[in-house]
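Coordinates from structure_34.cif are shown below (mmCIF, C-alpha atoms).
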data_data
#
loop_
_atom_site.label_atom_id
_atom_site.label_comp_id
_atom_site.auth_asym_id
_atom_site.auth_seq_id
_atom_site.Cartn_x
_atom_site.Cartn_y
_atom_site.Cartn_z
CA MET A 1 -38.91 -5.22 2.19
CA ALA A 2 -39.50 -3.58 -1.19
CA LEU A 3 -36.51 -3.06 -3.43
CA ARG A 4 -37.28 0.69 -3.59
CA ASP A 5 -36.37 1.00 0.11
CA LEU A 6 -32.71 0.84 -0.93
CA PHE A 7 -33.23 4.28 -2.47
CA LYS A 8 -35.34 6.13 0.08
CA ARG A 9 -36.22 9.77 -0.39
CA ARG A 10 -34.55 12.22 1.93
CA GLY A 11 -37.10 13.80 4.27
CA GLY A 12 -40.02 12.55 2.15
CA THR A 13 -39.20 14.81 -0.82
CA GLY A 14 -38.14 14.07 -4.36
CA THR A 15 -39.15 11.39 -6.84
CA PRO A 16 -38.95 7.72 -5.79
CA VAL A 17 -36.39 5.83 -7.83
CA LEU A 18 -38.57 2.79 -8.42
CA ASN A 19 -42.04 3.25 -9.83
CA THR A 20 -44.09 1.59 -7.10
CA PRO A 21 -45.91 4.03 -4.77
CA GLY A 22 -44.66 4.63 -1.28
CA VAL A 23 -44.11 7.22 1.40
CA GLY A 24 -40.62 8.71 1.58
CA VAL A 25 -38.49 7.90 4.60
CA ALA A 26 -35.49 9.92 5.73
CA VAL A 27 -32.13 8.41 4.85
CA SER A 28 -30.27 7.44 8.02
CA GLY A 29 -27.09 6.34 6.29
CA ILE A 30 -25.68 5.21 2.94
CA ALA A 31 -23.74 1.98 2.64
CA SER A 32 -20.54 2.30 0.65
CA PRO A 33 -20.71 0.64 -2.78
CA TRP A 34 -17.18 -0.62 -2.10
CA SER A 35 -17.90 -2.25 1.27
CA ASP A 36 -16.90 -5.83 2.01
CA ALA A 37 -18.98 -7.91 4.39
CA GLN A 38 -16.38 -9.11 6.92
CA LEU A 39 -18.53 -11.20 9.29
CA SER A 40 -18.61 -14.34 7.16
CA GLY A 41 -14.85 -14.11 6.63
CA LEU A 42 -14.23 -13.86 10.36
CA VAL A 43 -16.43 -16.89 11.07
CA TRP A 44 -14.70 -18.86 8.29
CA SER A 45 -11.22 -18.10 9.65
CA ASP A 46 -12.30 -19.05 13.19
CA ILE A 47 -13.43 -22.48 11.96
CA PHE A 48 -10.95 -23.35 9.21
CA GLY A 49 -8.02 -21.06 9.97
CA GLU A 50 -6.79 -17.85 8.36
CA GLU A 51 -4.96 -19.72 5.58
CA HIS A 52 -8.22 -21.14 4.20
CA ARG A 53 -10.36 -18.02 4.61
CA PRO A 54 -11.84 -16.81 1.30
CA VAL A 55 -10.08 -13.69 0.09
CA THR A 56 -12.12 -10.48 0.07
CA ARG A 57 -11.98 -7.32 -1.98
CA ALA A 58 -10.32 -5.60 0.97
CA ASP A 59 -7.63 -8.32 1.02
CA ALA A 60 -7.07 -8.00 -2.73
CA LEU A 61 -6.64 -4.23 -2.60
CA ARG A 62 -3.87 -4.63 -0.01
CA VAL A 63 -1.80 -6.11 -2.86
CA PRO A 64 -0.38 -3.06 -4.70
CA SER A 65 -0.52 -4.68 -8.14
CA VAL A 66 -4.22 -5.53 -7.73
CA ALA A 67 -4.95 -1.96 -6.66
CA ALA A 68 -2.97 -0.66 -9.64
CA ALA A 69 -4.83 -2.90 -12.11
CA ARG A 70 -8.22 -2.05 -10.61
CA ASN A 71 -7.44 1.67 -10.66
CA ARG A 72 -6.31 1.44 -14.28
CA VAL A 73 -9.64 -0.06 -15.39
CA ILE A 74 -11.63 2.49 -13.36
CA GLU A 75 -9.53 5.34 -14.78
CA LYS A 76 -10.11 4.23 -18.36
CA LEU A 77 -13.82 3.36 -18.20
CA ALA A 78 -15.73 4.93 -15.29
CA GLY A 79 -15.71 8.42 -16.80
CA ARG A 80 -16.44 7.42 -20.38
CA PRO A 81 -19.98 8.45 -21.42
CA LEU A 82 -22.44 5.82 -22.62
CA VAL A 83 -24.04 6.47 -26.01
CA ASP A 84 -27.21 5.04 -27.56
CA TYR A 85 -26.93 4.01 -31.24
CA THR A 86 -29.21 2.54 -33.90
CA ALA A 87 -28.35 1.19 -37.35
CA THR A 88 -28.37 4.76 -38.70
CA GLY A 89 -25.99 6.14 -36.07
CA ARG A 90 -26.26 8.00 -32.82
CA THR A 91 -29.84 8.63 -31.70
CA ALA A 92 -30.92 12.26 -31.64
CA SER A 93 -32.55 11.91 -28.23
CA GLN A 94 -30.31 10.04 -25.81
CA PRO A 95 -31.93 8.21 -22.86
CA LEU A 96 -31.51 10.33 -19.73
CA TRP A 97 -30.44 7.38 -17.56
CA ILE A 98 -27.13 6.93 -19.42
CA GLU A 99 -25.81 10.40 -18.55
CA ARG A 100 -27.48 11.33 -15.25
CA THR A 101 -28.89 9.83 -12.06
CA ASP A 102 -31.71 11.91 -10.57
CA ASN A 103 -31.74 10.60 -7.02
CA THR A 104 -31.24 11.84 -3.49
CA LEU A 105 -28.35 9.44 -2.83
CA ALA A 106 -25.99 11.66 -4.87
CA VAL A 107 -24.68 8.68 -6.85
CA SER A 108 -23.19 10.10 -10.04
CA PRO A 109 -22.91 8.17 -13.33
CA TRP A 110 -19.17 7.97 -12.66
CA HIS A 111 -19.71 6.24 -9.31
CA ARG A 112 -22.41 4.00 -10.77
CA MET A 113 -20.02 2.74 -13.45
CA ALA A 114 -17.03 2.54 -11.09
CA ALA A 115 -19.03 0.39 -8.67
CA THR A 116 -20.28 -1.78 -11.54
CA LEU A 117 -16.75 -2.33 -12.83
CA ASP A 118 -15.60 -3.12 -9.31
CA ASP A 119 -18.26 -5.81 -8.99
CA LEU A 120 -17.29 -7.37 -12.31
CA MET A 121 -13.57 -7.31 -11.54
CA PHE A 122 -13.82 -8.82 -8.06
CA TYR A 123 -17.04 -10.87 -8.07
CA GLY A 124 -17.95 -11.48 -11.72
CA TRP A 125 -21.49 -10.02 -11.50
CA SER A 126 -23.17 -6.67 -10.90
CA LEU A 127 -26.77 -5.60 -10.38
CA TRP A 128 -28.64 -2.40 -11.21
CA ALA A 129 -32.03 -1.22 -10.01
CA VAL A 130 -34.09 0.44 -12.73
CA GLN A 131 -37.17 2.64 -12.90
CA ARG A 132 -39.42 2.33 -15.95
CA ALA A 133 -41.95 4.60 -17.60
CA SER A 134 -45.46 3.40 -18.44
CA ASP A 135 -44.22 2.16 -21.84
CA GLY A 136 -41.58 0.00 -20.13
CA ASN A 137 -38.56 2.09 -21.15
CA VAL A 138 -35.86 2.59 -18.50
CA THR A 139 -35.81 6.10 -17.07
CA GLN A 140 -33.46 5.61 -14.10
CA ALA A 141 -30.66 3.18 -13.29
CA LEU A 142 -28.71 2.81 -10.04
CA HIS A 143 -26.06 0.36 -8.90
CA ILE A 144 -27.03 -1.97 -6.05
CA PRO A 145 -24.18 -2.72 -3.58
CA PHE A 146 -22.99 -6.30 -4.05
CA GLU A 147 -23.57 -7.35 -0.44
CA ARG A 148 -27.27 -6.43 -0.66
CA TRP A 149 -28.28 -9.02 -3.25
CA SER A 150 -27.90 -12.70 -4.14
CA ALA A 151 -29.22 -15.11 -6.78
CA GLU A 152 -31.04 -18.43 -6.50
CA ALA A 153 -30.18 -21.45 -8.68
CA ASP A 154 -33.16 -20.71 -10.94
CA GLY A 155 -31.97 -17.14 -11.55
CA THR A 156 -34.31 -15.43 -9.08
CA ILE A 157 -32.70 -12.27 -7.68
CA LEU A 158 -32.98 -11.72 -3.94
CA PHE A 159 -32.55 -8.27 -2.42
CA ASP A 160 -31.93 -8.37 1.35
CA GLY A 161 -33.20 -11.96 1.26
CA GLU A 162 -36.49 -11.20 -0.52
CA GLU A 163 -37.37 -11.74 -4.17
CA ALA A 164 -36.83 -8.65 -6.33
CA PRO A 165 -39.31 -7.80 -9.12
CA ALA A 166 -37.69 -8.97 -12.34
CA ASP A 167 -38.58 -5.78 -14.20
CA GLN A 168 -36.86 -3.61 -11.57
CA VAL A 169 -33.39 -5.14 -11.76
CA VAL A 170 -30.80 -5.63 -14.51
CA LEU A 171 -28.18 -8.33 -13.89
CA ILE A 172 -24.83 -7.67 -15.61
CA PRO A 173 -22.42 -10.63 -16.02
CA GLY A 174 -18.70 -10.02 -16.31
CA PRO A 175 -16.05 -11.65 -18.54
CA HIS A 176 -15.07 -14.19 -15.85
CA GLU A 177 -16.02 -15.24 -12.33
CA GLY A 178 -14.01 -12.45 -10.68
CA ILE A 179 -10.45 -12.33 -9.41
CA LEU A 180 -11.46 -13.24 -5.84
CA THR A 181 -12.15 -16.69 -7.30
CA CYS A 182 -9.83 -17.17 -10.25
CA ALA A 183 -6.85 -15.28 -8.75
CA ALA A 184 -7.26 -16.24 -5.10
CA ASP A 185 -3.88 -17.99 -4.89
CA THR A 186 -2.10 -15.06 -6.52
CA ILE A 187 -3.75 -12.64 -4.08
CA ARG A 188 -2.68 -14.78 -1.11
CA ALA A 189 0.87 -14.90 -2.48
CA GLY A 190 0.82 -11.13 -2.86
CA LEU A 191 -0.28 -10.70 0.76
CA ASP A 192 2.51 -13.05 1.88
CA LEU A 193 5.04 -10.97 -0.05
CA GLU A 194 3.77 -7.74 1.48
CA ARG A 195 4.17 -9.25 4.96
CA ALA A 196 7.70 -10.41 4.07
CA TRP A 197 8.52 -6.97 2.70
CA ARG A 198 7.32 -5.25 5.87
CA SER A 199 9.34 -7.67 7.94
CA ARG A 200 12.48 -6.83 5.97
CA ALA A 201 11.77 -3.12 6.39
CA ARG A 202 11.46 -3.56 10.16
CA ASN A 203 14.69 -5.57 10.23
CA PRO A 204 16.87 -4.14 7.45
CA ALA A 205 19.36 -6.31 5.60
CA PRO A 206 21.79 -7.88 5.94
CA ASN A 207 20.31 -10.93 7.62
CA ILE A 208 21.96 -11.90 10.88
CA ILE A 209 22.04 -15.44 12.25
CA LEU A 210 23.05 -15.82 15.90
CA GLU A 211 25.12 -18.97 16.53
CA GLU A 212 26.47 -20.51 19.72
CA ARG A 213 30.24 -20.64 20.11
CA GLU A 214 30.02 -23.10 23.00
CA ASP A 215 28.60 -26.60 22.73
CA ASN A 216 26.45 -26.46 25.86
CA GLY A 217 22.97 -26.51 24.27
CA MET A 218 21.29 -23.13 24.84
CA THR A 219 17.52 -23.51 25.18
CA VAL A 220 14.97 -21.50 23.19
CA GLU A 221 14.07 -19.56 26.33
CA GLU A 222 17.74 -18.69 26.88
CA ALA A 223 18.27 -17.67 23.23
CA THR A 224 15.14 -15.50 22.91
CA PRO A 225 16.50 -12.45 24.83
CA TYR A 226 19.57 -12.35 22.54
CA VAL A 227 17.41 -12.51 19.38
CA LYS A 228 15.12 -9.75 20.65
CA ALA A 229 18.06 -7.58 21.69
CA VAL A 230 19.74 -7.83 18.26
CA ALA A 231 16.44 -7.18 16.43
CA ALA A 232 15.81 -4.10 18.57
CA ALA A 233 19.37 -2.88 18.07
CA ARG A 234 19.01 -3.10 14.27
CA ARG A 235 15.95 -0.84 14.36
CA ASN A 236 17.88 1.70 16.42
CA PRO A 237 19.35 4.67 14.47
CA ASP A 238 22.76 3.48 15.64
CA GLY A 239 21.96 -0.16 14.80
CA ALA A 240 24.95 -0.48 12.48
CA VAL A 241 27.02 -1.12 15.64
CA MET A 242 26.06 -3.71 18.24
CA PHE A 243 27.65 -5.86 20.93
CA THR A 244 27.34 -9.64 21.25
CA PRO A 245 28.87 -11.71 24.09
CA TYR A 246 31.69 -14.14 23.33
CA LYS A 247 29.43 -17.20 23.43
CA ILE A 248 27.23 -15.77 20.61
CA ASN A 249 28.52 -15.40 17.04
CA ALA A 250 26.63 -13.01 14.74
CA ARG A 251 26.88 -14.37 11.17
CA ILE A 252 26.04 -11.98 8.31
CA GLU A 253 24.03 -13.56 5.47
CA GLY A 254 24.09 -10.74 2.93
CA ASN A 255 21.34 -9.12 0.88
CA SER A 256 19.95 -11.96 -1.26
CA GLY A 257 16.52 -11.63 0.38
CA GLU A 258 15.81 -8.24 -1.17
CA SER A 259 16.58 -9.51 -4.67
CA PHE A 260 14.15 -12.39 -4.25
CA LEU A 261 11.39 -10.14 -2.87
CA GLU A 262 11.76 -7.64 -5.69
CA SER A 263 11.62 -10.39 -8.32
CA ALA A 264 8.65 -12.06 -6.63
CA ARG A 265 6.70 -8.81 -6.35
CA ASN A 266 7.31 -8.12 -10.05
CA ALA A 267 6.15 -11.65 -10.91
CA ILE A 268 2.94 -11.04 -8.93
CA ARG A 269 2.38 -7.84 -10.92
CA ILE A 270 2.73 -9.70 -14.23
CA ASP A 271 0.29 -12.42 -13.07
CA VAL A 272 -2.24 -9.84 -11.87
CA ALA A 273 -1.98 -7.99 -15.19
CA ALA A 274 -2.85 -11.27 -16.94
CA TYR A 275 -5.96 -11.78 -14.81
CA PHE A 276 -7.10 -8.23 -15.58
CA ASP A 277 -6.14 -8.59 -19.26
CA LEU A 278 -3.80 -5.60 -18.99
CA THR A 279 -0.27 -5.10 -20.27
CA ALA A 280 2.47 -5.55 -17.67
CA GLN A 281 3.69 -2.02 -18.36
CA SER A 282 0.27 -0.54 -17.59
CA ILE A 283 0.69 -1.49 -13.92
CA GLU A 284 4.42 -0.76 -13.80
CA ALA A 285 5.62 -4.36 -14.05
CA SER A 286 8.83 -5.27 -15.88
CA LYS A 287 8.80 -8.05 -18.46
CA ALA A 288 11.75 -10.42 -18.86
CA GLN A 289 14.55 -8.89 -20.95
CA SER A 290 14.13 -11.56 -23.65
CA THR A 291 10.48 -10.52 -24.21
CA LEU A 292 11.03 -6.77 -24.36
CA THR A 293 10.35 -4.94 -27.61
CA TYR A 294 10.77 -1.28 -28.36
CA GLU A 295 7.60 0.71 -27.86
CA THR A 296 6.81 4.33 -27.16
CA ALA A 297 4.68 5.58 -24.30
CA GLU A 298 1.94 6.31 -26.84
CA THR A 299 2.01 2.70 -28.07
CA ALA A 300 1.78 1.32 -24.53
CA GLU A 301 -1.15 3.66 -23.80
CA ALA A 302 -2.95 2.58 -26.97
CA GLN A 303 -2.49 -1.08 -26.03
CA ALA A 304 -3.94 -0.44 -22.58
CA THR A 305 -6.98 1.28 -24.13
CA ASP A 306 -7.51 -1.55 -26.61
CA ARG A 307 -7.56 -4.10 -23.79
CA MET A 308 -10.36 -2.23 -22.02
CA ALA A 309 -12.80 -4.01 -24.36
CA PHE A 310 -12.40 -7.03 -22.08
CA TRP A 311 -14.27 -5.07 -19.38
CA SER A 312 -16.35 -2.64 -21.43
CA GLU A 313 -17.95 -5.05 -23.91
CA PRO A 314 -19.81 -7.22 -21.35
CA ILE A 315 -21.44 -4.03 -20.01
CA GLU A 316 -22.18 -2.66 -23.47
CA HIS A 317 -23.80 -5.83 -24.72
CA ARG A 318 -25.86 -6.36 -21.57
CA LEU A 319 -27.18 -2.80 -21.63
CA SER A 320 -28.03 -3.26 -25.33
CA LEU A 321 -30.57 -6.04 -24.68
CA ASP A 322 -34.26 -5.38 -25.22
CA ASP A 323 -35.10 -5.16 -21.51
CA VAL A 324 -32.92 -2.03 -21.24
CA VAL A 325 -33.22 -0.23 -24.62
CA PRO A 326 -35.74 -0.61 -27.46
CA ARG A 327 -35.11 -3.30 -30.08
CA GLY A 328 -32.53 -2.17 -32.65
CA HIS A 329 -30.69 0.10 -30.20
CA ARG A 330 -27.23 -0.57 -28.80
CA ILE A 331 -25.28 1.04 -25.96
CA ARG A 332 -21.57 1.74 -26.35
CA PHE A 333 -18.86 3.61 -24.41
CA ASN A 334 -17.56 6.77 -26.06
CA PHE A 335 -13.78 6.43 -25.86
CA HIS A 336 -13.24 9.67 -27.80
CA ALA A 337 -14.76 11.82 -25.06
CA ALA A 338 -12.06 11.56 -22.41
CA ASP A 339 -12.17 15.29 -21.76
CA ASN A 340 -15.94 15.72 -22.00
CA ALA A 341 -18.27 16.00 -19.05
CA LEU A 342 -21.11 13.51 -18.66
CA THR A 343 -23.62 16.34 -19.06
CA GLY A 344 -23.96 19.03 -21.68
CA THR A 345 -23.73 18.81 -25.45
CA PRO A 346 -22.52 15.33 -26.48
CA THR A 347 -19.89 14.81 -29.17
CA GLU A 348 -19.80 12.19 -31.86
CA ASP A 349 -18.00 8.90 -31.19
#
If you took the structure in this file and wrote it as structure tokens, what would it be?
Amino acid sequence: MALRDLFKRRGGTGTPVLNTPGVGVAVSGIASPWSDAQLSGLVWSDIFGEEHRPVTRADALRVPSVAAARNRVIEKLAGRPLVDYTATGRTASQPLWIERTDNTLAVSPWHRMAATLDDLMFYGWSLWAVQRASDGNVTQALHIPFERWSAEADGTILFDGEEAPADQVVLIPGPHEGILTCAADTIRAGLDLERAWRSRARNPAPNIILEEREDNGMTVEEATPYVKAVAAARRNPDGAVMFTPYKINARIEGNSGESFLESARNAIRIDVAAYFDLTAQSIEASKAQSTLTYETAETAEAQATDRMAFWSEPIEHRLSLDDVVPRGHRIRFNFHAADNALTGTPTED
């Protein structure tokens, strides 16, 4: 299967994305750039148990702090235009591929960069497919969904299991191996906390422990109906009042569980912010009182923007190599164009 088949022309019309000849084939469906392949995870959990199953992007995004950190990076970077510079400044004629994607898949530059950032955050690597002119310069660039490609030990890129032409792909490494690897334990802890939180919501505090008044050894089977009845009564709108028989004592434990869960969830947020190289405040986490310093909202926002270099610079420097732009050129994000569209008259950085 040729790599160009990933970007088939709709109804046989339009320009093929990759520069090898071929007959257009109608698009029957478009795989989401965010999709997670679940089959391998299901097989893994069947063999080794759910506890040892590798975490997926879908798992990670069920942890609110991970979703907040990911969304913060996407918000700050996906919409920032790329700009081509030389030693004398911004080039007069900017490469078309940095500000538009002429393809029938309707993948905008915003979605291309968002998907690229997603790959780097979760997996540590991202891959683009490129089209080149006769002089070798890149004229088109599209993101390849992460589940469609892999790499051999010698660096050979495989697309759908077959070797991809080296001049038609650009491999972009991230700043680390991805949070699914380096933050796997934190993600699992976050999922555990979310389950505990839901459990507390289904059975609101205070905790109730049912104790026997009589020393006649109630079995688990005998005790289960009482436990279920009390749990159901607490979820009832009138659950503040319930009846227990004389032989059962309902002991109230108080509200300490909520305090622990709130503190634990905040701790997870701080840890996730560290993995994403973000400030705790940028994902609504609270630092310990002893570490707090006075800062305005503008200062916190500036700090969050400064930290985006952790994610933007690996992309900038990879796209500045000679296999993407001519020697002496460099690609940079324009952080002063937050309100500018990706098309139209560009503004100076």
Exercise: Phe276 in chain A partners within 10 Å, all atoms listed in the file, chain neighbours under 4 positions left out, as a list in words: Val66, Ala69, Arg70, Arg72, Val73, Met121, His176, Gly178, Ile179, Ala183, Asp271, Val272, Arg307, Met308, Phe310 and Trp311 of chain A
Hits of the PyMOL selection byres ((chain A and resi 85) around 10) in this structure, as a list in words: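 Given this file, the PyMOL selection byres ((chain A and resi 85) around 10) evaluates to Leu82, Val83, Asp84, Thr86, Ala87, Thr88, Gly89, Arg90, Thr91, Ala92, Gln94, Ser320, Gly328, His329, Arg330, Ile331 and Arg332 of chain A.
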Picked residues, the PyMOL selection byres ((chain A and resi 190) around 10), as a PyMOL selection string: chain A and resi 59-60+62-66+184-189+191-196+264-265+267-269+272
Hits from the PyMOL selection byres ((chain A and resi 216-231) around 10), listed as an MDAnalysis selection string: chainID A and resid 202:204 208:215 232:236 239 242:245 248 250
CA of Trp125 in chain A to CA of Ile172 in chain A, distance in Å rounded to a single decimal: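 Here the two named atoms are 5.8 Å from each other.
With CA of Phe146 in chain A on one side and CA of Thr279 in chain A on the other, the separation reads 27.9 Å.
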Atomic distance CA of Gln168 in chain A - CA of Thr156 in chain A, expressed in Å with one decimal: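 CA of Thr156 in chain A lies at a distance of 12.3 Å from CA of Gln168 in chain A.
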Nearest residue to Pro95 in chain A from the set A:Ala114, A:Ile144, A:Ala166, A:Val325 (distances using all atoms listed in the file): A:Val325
